[in-house]
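Enquirer: My structure is in coords.txt, and what it holds is compact mmCIF, C-alpha atoms and all ligand atoms:
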# COMPACT_ATOMS: atom_id res chain seq x y z
CA MET A 279 6.55 1.84 22.49
CA ILE A 280 4.88 2.42 19.12
CA LEU A 281 1.33 1.70 18.02
CA GLY A 282 1.72 0.56 14.40
CA LEU A 283 -1.43 1.17 12.39
CA ASP A 284 -2.05 -0.10 8.86
CA ILE A 285 -5.20 1.42 7.39
CA GLY A 286 -6.29 -0.33 4.21
CA GLY A 287 -9.17 0.14 1.80
CA THR A 288 -10.81 -2.99 3.24
CA ASN A 289 -9.10 -3.94 6.52
CA THR A 290 -7.23 -2.04 9.20
CA ARG A 291 -4.59 -3.71 11.39
CA PHE A 292 -2.81 -2.50 14.48
CA ALA A 293 -0.47 -3.72 17.21
CA LEU A 294 1.96 -2.41 19.78
CA THR A 295 5.59 -2.80 18.76
CA ASP A 296 9.03 -1.95 20.01
CA GLU A 297 11.22 0.46 18.04
CA ASN A 298 12.53 -2.38 15.86
CA GLY A 299 9.04 -3.30 14.73
CA SER A 300 8.80 -6.49 16.81
CA LEU A 301 5.19 -7.07 17.82
CA LEU A 302 4.54 -6.80 21.57
CA THR A 303 0.82 -7.58 21.33
CA ALA A 304 -1.26 -9.70 18.96
CA CYS A 305 -2.21 -7.76 15.84
CA ARG A 306 -5.90 -6.85 15.73
CA VAL A 307 -7.77 -6.69 12.42
CA ILE A 308 -10.97 -4.71 11.92
CA ARG A 309 -12.96 -3.78 8.83
CA SER A 310 -12.02 -0.23 7.81
CA ALA A 311 -15.77 0.40 7.43
CA ALA A 312 -16.00 0.21 11.26
CA PHE A 313 -14.71 3.81 11.39
CA ALA A 314 -15.02 4.93 7.74
CA ASP A 315 -18.82 4.60 7.97
CA ALA A 316 -19.06 6.23 11.40
CA GLU A 317 -20.50 9.71 11.73
CA LYS A 318 -17.23 10.88 13.30
CA PRO A 319 -14.53 8.61 11.80
CA PHE A 320 -11.60 9.95 13.86
CA GLN A 321 -13.49 9.71 17.13
CA LYS A 322 -14.55 6.16 16.27
CA LEU A 323 -11.04 5.06 15.21
CA ALA A 324 -9.61 6.59 18.40
CA SER A 325 -12.14 4.79 20.60
CA ILE A 326 -11.20 1.45 18.94
CA LEU A 327 -7.47 2.12 19.47
CA LYS A 328 -7.97 3.30 23.08
CA GLU A 329 -9.86 0.11 23.88
CA TYR A 330 -7.02 -1.95 22.36
CA ILE A 331 -4.38 -0.12 24.40
CA ALA A 332 -6.49 -0.53 27.56
CA ASP A 333 -6.86 -4.27 26.83
CA ALA A 334 -3.05 -4.47 26.65
CA GLY A 335 -2.82 -3.05 30.19
CA SER A 336 -2.49 0.63 29.20
CA PRO A 337 1.28 0.65 28.53
CA PRO A 338 2.86 4.06 27.73
CA VAL A 339 2.51 4.51 23.95
CA GLU A 340 4.95 7.17 22.69
CA ILE A 341 3.74 7.45 19.13
CA ILE A 342 1.14 6.19 16.69
CA SER A 343 2.59 5.52 13.24
CA ALA A 344 -0.09 5.02 10.60
CA GLY A 345 0.09 3.86 7.00
CA VAL A 346 -2.77 5.02 4.78
CA PRO A 347 -3.61 4.08 1.15
CA ALA A 348 -3.07 7.66 0.08
CA THR A 349 -0.80 10.43 -1.04
CA VAL A 350 0.51 12.16 2.09
CA SER A 351 2.17 15.55 2.58
CA LYS A 352 5.92 15.63 3.12
CA ASP A 353 5.55 16.55 6.81
CA PHE A 354 3.61 13.25 7.27
CA ARG A 355 0.50 15.01 8.62
CA THR A 356 -2.03 15.65 5.85
CA VAL A 357 -3.66 13.18 3.44
CA PHE A 358 -4.10 14.59 -0.05
CA CYS A 359 -6.16 11.87 -1.70
CA ALA A 360 -7.16 8.35 -0.57
CA PRO A 361 -9.35 7.10 -3.46
CA ASN A 362 -9.66 3.58 -2.04
CA LEU A 363 -10.84 4.63 1.41
CA LYS A 364 -14.45 5.71 1.22
CA SER A 365 -17.58 5.47 3.35
CA ALA A 366 -20.42 3.15 2.27
CA LYS A 367 -22.03 6.18 0.62
CA GLY A 368 -18.87 6.63 -1.48
CA ASP A 369 -17.67 9.77 0.32
CA PRO A 370 -13.92 10.16 0.89
CA VAL A 371 -12.99 9.79 4.56
CA PHE A 372 -9.48 11.28 4.79
CA ASP A 373 -9.13 13.45 1.67
CA GLY A 374 -7.63 16.88 2.29
CA LEU A 375 -7.62 16.41 6.08
CA PRO A 376 -4.79 16.83 8.62
CA VAL A 377 -5.23 13.18 9.60
CA ALA A 378 -2.22 13.11 11.97
CA ASP A 379 -3.45 16.15 13.93
CA LEU A 380 -7.08 15.00 14.05
CA LEU A 381 -6.19 11.52 15.33
CA SER A 382 -3.57 12.95 17.70
CA ALA A 383 -6.16 15.32 19.19
CA GLU A 384 -8.47 12.36 19.89
CA MET A 385 -5.72 10.11 21.27
CA GLY A 386 -3.49 12.58 23.13
CA ILE A 387 -0.47 10.87 21.50
CA PRO A 388 1.71 12.17 18.61
CA VAL A 389 0.73 10.64 15.26
CA LEU A 390 2.74 10.19 12.04
CA VAL A 391 1.05 9.34 8.74
CA ASN A 392 2.88 7.76 5.81
CA LYS A 393 1.83 6.32 2.45
CA ASP A 394 1.05 2.66 3.16
CA VAL A 395 3.27 1.21 0.42
CA ASN A 396 6.29 3.11 1.77
CA ASN A 397 5.70 1.28 5.06
CA LEU A 398 5.24 -2.05 3.24
CA LEU A 399 8.51 -1.58 1.38
CA ALA A 400 10.27 -0.59 4.62
CA CYS A 401 9.11 -3.87 6.19
CA ASP A 402 9.98 -5.98 3.13
CA MET A 403 13.45 -4.42 3.01
CA VAL A 404 14.11 -5.12 6.70
CA LEU A 405 12.84 -8.71 6.56
CA ASN A 406 14.73 -9.48 3.33
CA HIS A 407 17.87 -7.48 4.27
CA LEU A 408 17.67 -5.39 1.12
CA ALA A 409 19.62 -2.20 0.40
CA SER A 410 20.84 -0.10 -2.58
CA THR A 411 18.06 0.72 -5.05
CA VAL A 412 14.77 -1.04 -4.32
CA VAL A 413 11.47 -0.68 -6.19
CA GLY A 414 8.22 -1.91 -4.58
CA CYS A 415 5.09 -2.65 -6.64
CA TYR A 416 2.02 -3.65 -4.65
CA ILE A 417 -1.21 -4.52 -6.43
CA GLY A 418 -4.00 -4.63 -3.89
CA THR A 419 -7.21 -2.62 -4.04
CA GLY A 420 -5.15 -0.07 -5.98
CA PHE A 421 -1.65 -0.12 -7.51
CA GLY A 422 0.84 1.28 -5.02
CA THR A 423 4.50 1.90 -5.78
CA SER A 424 7.46 2.98 -3.68
CA VAL A 425 11.16 3.50 -4.33
CA CYS A 426 14.02 3.53 -1.83
CA ILE A 427 17.53 4.55 -2.90
CA ASP A 428 20.39 3.92 -0.48
CA GLY A 429 18.03 3.95 2.51
CA ARG A 430 16.13 7.08 1.43
CA PHE A 431 12.56 6.85 0.17
CA VAL A 432 11.63 9.00 -2.80
CA TYR A 433 9.08 11.58 -1.63
CA GLY A 434 9.55 14.48 -4.07
CA LYS A 435 8.76 18.15 -3.51
CA ASN A 436 5.40 17.67 -1.74
CA GLY A 437 5.66 14.06 -0.60
CA PHE A 438 3.44 12.92 -3.48
CA ALA A 439 6.11 11.16 -5.59
CA MET A 440 5.50 7.67 -6.99
CA ASP A 441 1.74 8.08 -7.34
CA VAL A 442 2.08 6.44 -10.73
CA GLY A 443 -1.06 4.30 -10.38
CA HIS A 444 -2.88 7.52 -11.16
CA VAL A 445 -1.16 8.42 -14.41
CA SER A 446 -3.65 8.53 -17.28
CA ILE A 447 -2.77 6.23 -20.17
CA LEU A 448 -3.60 7.02 -23.80
CA GLY A 449 -6.56 4.97 -25.04
CA GLN A 450 -7.88 4.08 -21.56
CA ASN A 451 -11.30 5.53 -20.79
CA GLY A 452 -12.30 4.02 -17.42
CA ILE A 453 -13.13 6.40 -14.58
CA CYS A 454 -10.80 5.97 -11.63
CA GLY A 455 -11.61 6.21 -7.92
CA CYS A 456 -9.51 9.41 -7.86
CA GLY A 457 -11.98 11.00 -10.29
CA LYS A 458 -9.65 11.04 -13.32
CA GLN A 459 -10.07 9.11 -16.55
CA GLY A 460 -7.82 6.31 -17.80
CA CYS A 461 -5.54 5.91 -14.75
CA VAL A 462 -3.39 2.76 -14.57
CA GLU A 463 -5.57 1.62 -11.65
CA THR A 464 -8.59 1.47 -13.96
CA PHE A 465 -7.06 -1.60 -15.67
CA ALA A 466 -4.41 -2.90 -13.22
CA SER A 467 -5.72 -3.15 -9.64
CA GLY A 468 -7.91 -5.30 -7.42
CA THR A 469 -10.80 -2.96 -8.24
CA ALA A 470 -10.26 -3.52 -11.98
CA LEU A 471 -9.98 -7.29 -11.44
CA ASN A 472 -13.31 -7.35 -9.56
CA ARG A 473 -14.97 -5.46 -12.38
CA LEU A 474 -13.49 -7.91 -14.93
CA ARG A 475 -14.73 -10.92 -12.95
CA ARG A 476 -18.26 -9.51 -12.67
CA GLU A 477 -18.34 -8.85 -16.41
CA TYR A 478 -16.78 -12.06 -17.78
CA PHE A 479 -16.89 -14.69 -15.00
CA PRO A 480 -19.81 -13.77 -12.73
CA ASN A 481 -20.21 -17.33 -11.44
CA ILE A 482 -16.58 -17.82 -10.40
CA PRO A 483 -15.62 -16.87 -6.81
CA GLY A 484 -12.97 -14.14 -6.89
CA GLU A 485 -10.24 -16.24 -5.28
CA GLU A 486 -10.61 -18.94 -7.96
CA LEU A 487 -10.34 -16.67 -10.98
CA PHE A 488 -6.64 -17.29 -11.70
CA LEU A 489 -6.93 -21.00 -10.91
CA HIS A 490 -9.41 -21.54 -13.76
CA HIS A 491 -9.04 -18.64 -16.18
CA SER A 492 -5.42 -17.45 -16.20
CA SER A 493 -5.07 -18.03 -19.93
CA ASP A 494 -8.45 -16.59 -20.97
CA PRO A 495 -8.03 -13.37 -22.97
CA PRO A 496 -9.56 -10.90 -20.44
CA VAL A 497 -7.44 -12.29 -17.55
CA SER A 498 -4.37 -12.49 -19.77
CA ALA A 499 -4.85 -8.86 -20.75
CA PHE A 500 -5.20 -7.92 -17.06
CA VAL A 501 -1.84 -9.55 -16.24
CA GLU A 502 -0.28 -7.76 -19.19
CA GLY A 503 -1.68 -4.49 -17.82
CA CYS A 504 -0.09 -5.24 -14.44
CA ALA A 505 3.34 -5.48 -16.10
CA GLN A 506 3.37 -1.93 -17.48
CA LEU A 507 4.16 0.09 -14.35
CA PRO A 508 6.86 -2.24 -12.97
CA ALA A 509 8.57 -2.18 -16.38
CA PHE A 510 8.44 1.61 -16.41
CA LEU A 511 9.85 1.93 -12.88
CA ILE A 512 12.57 -0.66 -13.51
CA THR A 513 13.61 1.26 -16.61
CA CYS A 514 13.58 4.56 -14.63
CA PHE A 515 15.56 3.38 -11.61
CA ASP A 516 17.64 0.37 -12.79
CA PRO A 517 17.08 -1.17 -9.32
CA ASP A 518 19.00 -3.93 -7.56
CA PHE A 519 15.77 -5.43 -6.20
CA VAL A 520 12.10 -5.35 -7.14
CA ILE A 521 9.44 -6.43 -4.67
CA LEU A 522 6.25 -7.68 -6.33
CA GLY A 523 3.37 -8.03 -3.91
CA GLY A 524 -0.12 -7.12 -2.81
CA GLY A 525 -3.37 -9.06 -2.50
CA VAL A 526 -3.88 -9.59 -6.24
CA LEU A 527 -0.47 -11.22 -6.73
CA GLU A 528 -1.08 -13.38 -3.67
CA MET A 529 -4.27 -14.86 -5.11
CA PRO A 530 -4.10 -18.62 -5.76
CA GLY A 531 -2.86 -19.36 -9.27
CA PHE A 532 -1.72 -15.83 -10.10
CA PRO A 533 0.76 -16.30 -12.98
CA ARG A 534 3.80 -14.71 -11.32
CA GLU A 535 6.35 -16.12 -13.76
CA ARG A 536 4.37 -14.81 -16.72
CA LEU A 537 4.13 -11.41 -15.05
CA LYS A 538 7.92 -11.30 -14.56
CA ASP A 539 8.50 -12.34 -18.19
CA LEU A 540 6.15 -9.60 -19.38
CA ILE A 541 7.77 -6.99 -17.14
CA LEU A 542 11.22 -7.73 -18.59
CA GLN A 543 9.78 -7.84 -22.09
CA TYR A 544 8.48 -4.27 -21.63
CA THR A 545 11.55 -2.99 -19.77
CA GLY A 546 14.10 -0.87 -21.65
CA ARG A 547 16.67 -3.13 -23.31
CA ALA A 548 19.76 -1.88 -21.48
CA VAL A 549 18.23 -2.40 -18.02
CA ALA A 550 16.62 -5.70 -19.08
CA SER A 551 20.05 -6.98 -20.18
CA ASP A 552 21.09 -7.09 -16.50
CA PRO A 553 17.72 -7.35 -14.76
CA PRO A 554 17.05 -6.73 -11.07
CA CYS A 555 16.46 -9.50 -8.58
CA PHE A 556 12.70 -10.06 -8.18
CA ILE A 557 11.56 -10.76 -4.67
CA GLU A 558 8.10 -11.77 -3.48
CA ASP A 559 6.68 -9.65 -0.70
CA THR A 560 6.84 -11.25 2.73
CA ARG A 561 3.12 -12.08 2.75
CA CYS A 562 3.21 -11.45 6.47
CA PRO A 563 -0.22 -9.98 7.33
CA GLU A 564 1.36 -7.64 9.90
CA ARG A 565 3.90 -6.16 7.47
CA GLY A 566 2.08 -2.80 7.26
CA VAL A 567 2.15 -2.58 11.07
CA ILE A 568 5.83 -3.56 11.27
CA GLY A 569 6.66 -1.14 8.43
CA ALA A 570 4.84 1.69 10.23
CA ALA A 571 7.02 1.09 13.29
CA CYS A 572 10.20 0.98 11.13
CA PHE A 573 9.14 4.28 9.57
CA ALA A 574 8.58 5.95 12.97
CA ARG A 575 12.03 4.83 14.08
CA SER A 576 13.77 6.17 10.96
CA PHE A 577 11.74 9.41 11.13
CA TYR A 578 12.95 10.19 14.64
CA LYS A 579 16.53 9.06 13.88
CA GLU A 580 16.63 11.55 11.00
CA LYS A 581 15.18 14.29 13.23
CA LEU A 582 17.77 13.70 15.92
CA LYS A 583 20.66 13.96 13.42
ZN ZN A 601 -6.73 7.60 -10.57
As structure tokens - that is how I would like this structure written.
Expert:
Amino acid sequence: MILGLDIGGTNTRFALTDENGSLLTACRVIRSAAFADAEKPFQKLASILKEYIADAGSPPVEIISAGVPATVSKDFRTVFCAPNLKSAKGDPVFDGLPVADLLSAEMGIPVLVNKDVNNLLACDMVLNHLASTVVGCYIGTGFGTSVCIDGRFVYGKNGFAMDVGHVSILGQNGICGCGKQGCVETFASGTALNRLRREYFPNIPGEELFLHHSSDPPVSAFVEGCAQLPAFLITCFDPDFVILGGGVLEMPGFPRERLKDLILQYTGRAVASDPPCFIEDTRCPERGVIGAACFARSFYKEKLK
């Protein structure tokens, strides 16, 4: 049995699953601040998880598989940088820490940590029966990307590959949560969208922004900004499928068709001449939990080979 854990910048979800990712218990959702603001975040997170397992009748949990909004080392143990997971004071909670070992020490259960969007893409691929070359672009609090080629995720030398939301773009001056200037996330992310709404539409509730102002220049420019990275990745990988998802794209009235048109407009001409199949993410709130379980299964399968 696996405890699938999906730690987000805002909410954290978890559930017990079997090795295929099927949920065995109802998924619980807590605010990430519940542990991120605690004096001892790992102890607090562990106490929440222990209570959940006890409520489920204390079944034998073999592994905890966690997705985090962060760059993670290739051995799936240490978080390098999680710019969207901070305490109320603005201090990073996981940065530079052996998160898997610290949580494992508290829980007494082995822990695996993976970049959250890799888990999301794993879930979306299973639920949509996708294979070959698949690119995932998820615009939530940040802009997460993931690529899977013939069943293998692209991790790179250190495990930090695909952190393209933190590439600095010429002419962009905003300061990013990662501390750099001009990252893609400074103009294409939920954080950037919130800033835009406060500046231009302070009286409109966030969830109504696209319903009323999709064509207004600042919102239009935001959507255009969101098209840049997918176009770049599609041109790099010439994928069979592209998943477009995340909380921003799921907002009511988000102009998805316009985004797709812009992406193909910016994509290299050869690849755009035979474009990939665009697929919406599954919008299943438990997908990060299911993906974490799928990841744990494939991790141990690979190890046993
Ligand atoms: Zn950045």
Enquirer: Using all atoms listed in the file, find each residue in stretch 443-561 of chain A having at least one atom no more than 9 Å away from stretch 348-365 of chain A; report its shortest atom-to-atom pair and that distance in Å (one decimal), rows by chain then rising number, as JSON lines.
Expert:
{"residue": "A:Cys454", "atom": "CA", "partner": "A:Pro361", "partner_atom": "CA", "distance": 8.4}
{"residue": "A:Gly455", "atom": "CA", "partner": "A:Pro361", "partner_atom": "CA", "distance": 5.1}
{"residue": "A:Cys456", "atom": "CA", "partner": "A:Pro361", "partner_atom": "CA", "distance": 5.0}
{"residue": "A:Gly457", "atom": "CA", "partner": "A:Pro361", "partner_atom": "CA", "distance": 8.3}
Enquirer: Compare A:Leu390, A:Val497, A:Leu301, A:Leu540 by their minimum atom-to-atom distance to A:Arg575, counting only C-alpha atoms, and give me the closest one.
Expert: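 For A:Arg575, the nearest of the candidates is A:Leu390.
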Enquirer: Could you build a table of the residues in chain A lying no more than 10 Å from ligand ZN 601 (chain A), giving for each the nearest pair of atoms and their separation in Å rounded to one decimal place, using all atoms listed in the file, ordered by chain and ascending residue number, as CSV?
Expert:
residue,atom,partner,partner_atom,distance
A:Cys359,CA,A:ZN601,ZN,9.9
A:Pro361,CA,A:ZN601,ZN,7.6
A:Asn362,CA,A:ZN601,ZN,9.9
A:Gly420,CA,A:ZN601,ZN,9.1
A:Phe421,CA,A:ZN601,ZN,9.7
A:Asp441,CA,A:ZN601,ZN,9.1
A:Val442,CA,A:ZN601,ZN,8.9
A:Gly443,CA,A:ZN601,ZN,6.6
A:His444,CA,A:ZN601,ZN,3.9
A:Val445,CA,A:ZN601,ZN,6.8
A:Ser446,CA,A:ZN601,ZN,7.4
A:Gly452,CA,A:ZN601,ZN,9.5
A:Ile453,CA,A:ZN601,ZN,7.6
A:Cys454,CA,A:ZN601,ZN,4.5
A:Gly455,CA,A:ZN601,ZN,5.7
A:Cys456,CA,A:ZN601,ZN,4.3
A:Gly457,CA,A:ZN601,ZN,6.3
A:Lys458,CA,A:ZN601,ZN,5.3
A:Gln459,CA,A:ZN601,ZN,7.0
A:Gly460,CA,A:ZN601,ZN,7.4
A:Cys461,CA,A:ZN601,ZN,4.7
A:Val462,CA,A:ZN601,ZN,7.1
A:Glu463,CA,A:ZN601,ZN,6.2
A:Thr464,CA,A:ZN601,ZN,7.2
Enquirer: Give me the residues within 8 Å of stretch 481-496 of chain A as a tab-separated table (two decimals) with C-alpha atoms, keeping the file's coordinate frame, counting only C-alpha atoms and dropping any in the same chain fewer than 3 places off.
Expert:
chain	number	residue	atom	x	y	z
A	472	ASN	CA	-13.31	-7.35	-9.56
A	474	LEU	CA	-13.49	-7.91	-14.93
A	475	ARG	CA	-14.73	-10.92	-12.95
A	478	TYR	CA	-16.78	-12.06	-17.78
A	499	ALA	CA	-4.85	-8.86	-20.75
A	500	PHE	CA	-5.20	-7.92	-17.06
A	529	MET	CA	-4.27	-14.86	-5.11
A	530	PRO	CA	-4.10	-18.62	-5.76
A	531	GLY	CA	-2.86	-19.36	-9.27
A	532	PHE	CA	-1.72	-15.83	-10.10
A	533	PRO	CA	0.76	-16.30	-12.98
Enquirer: Just how far from atom CA of A:Gly437 is atom CA of A:Ile541, in Å to one decimal?
Expert: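 Atom-to-atom, atom CA of A:Ile541 to atom CA of A:Gly437, that is 26.9 Å.
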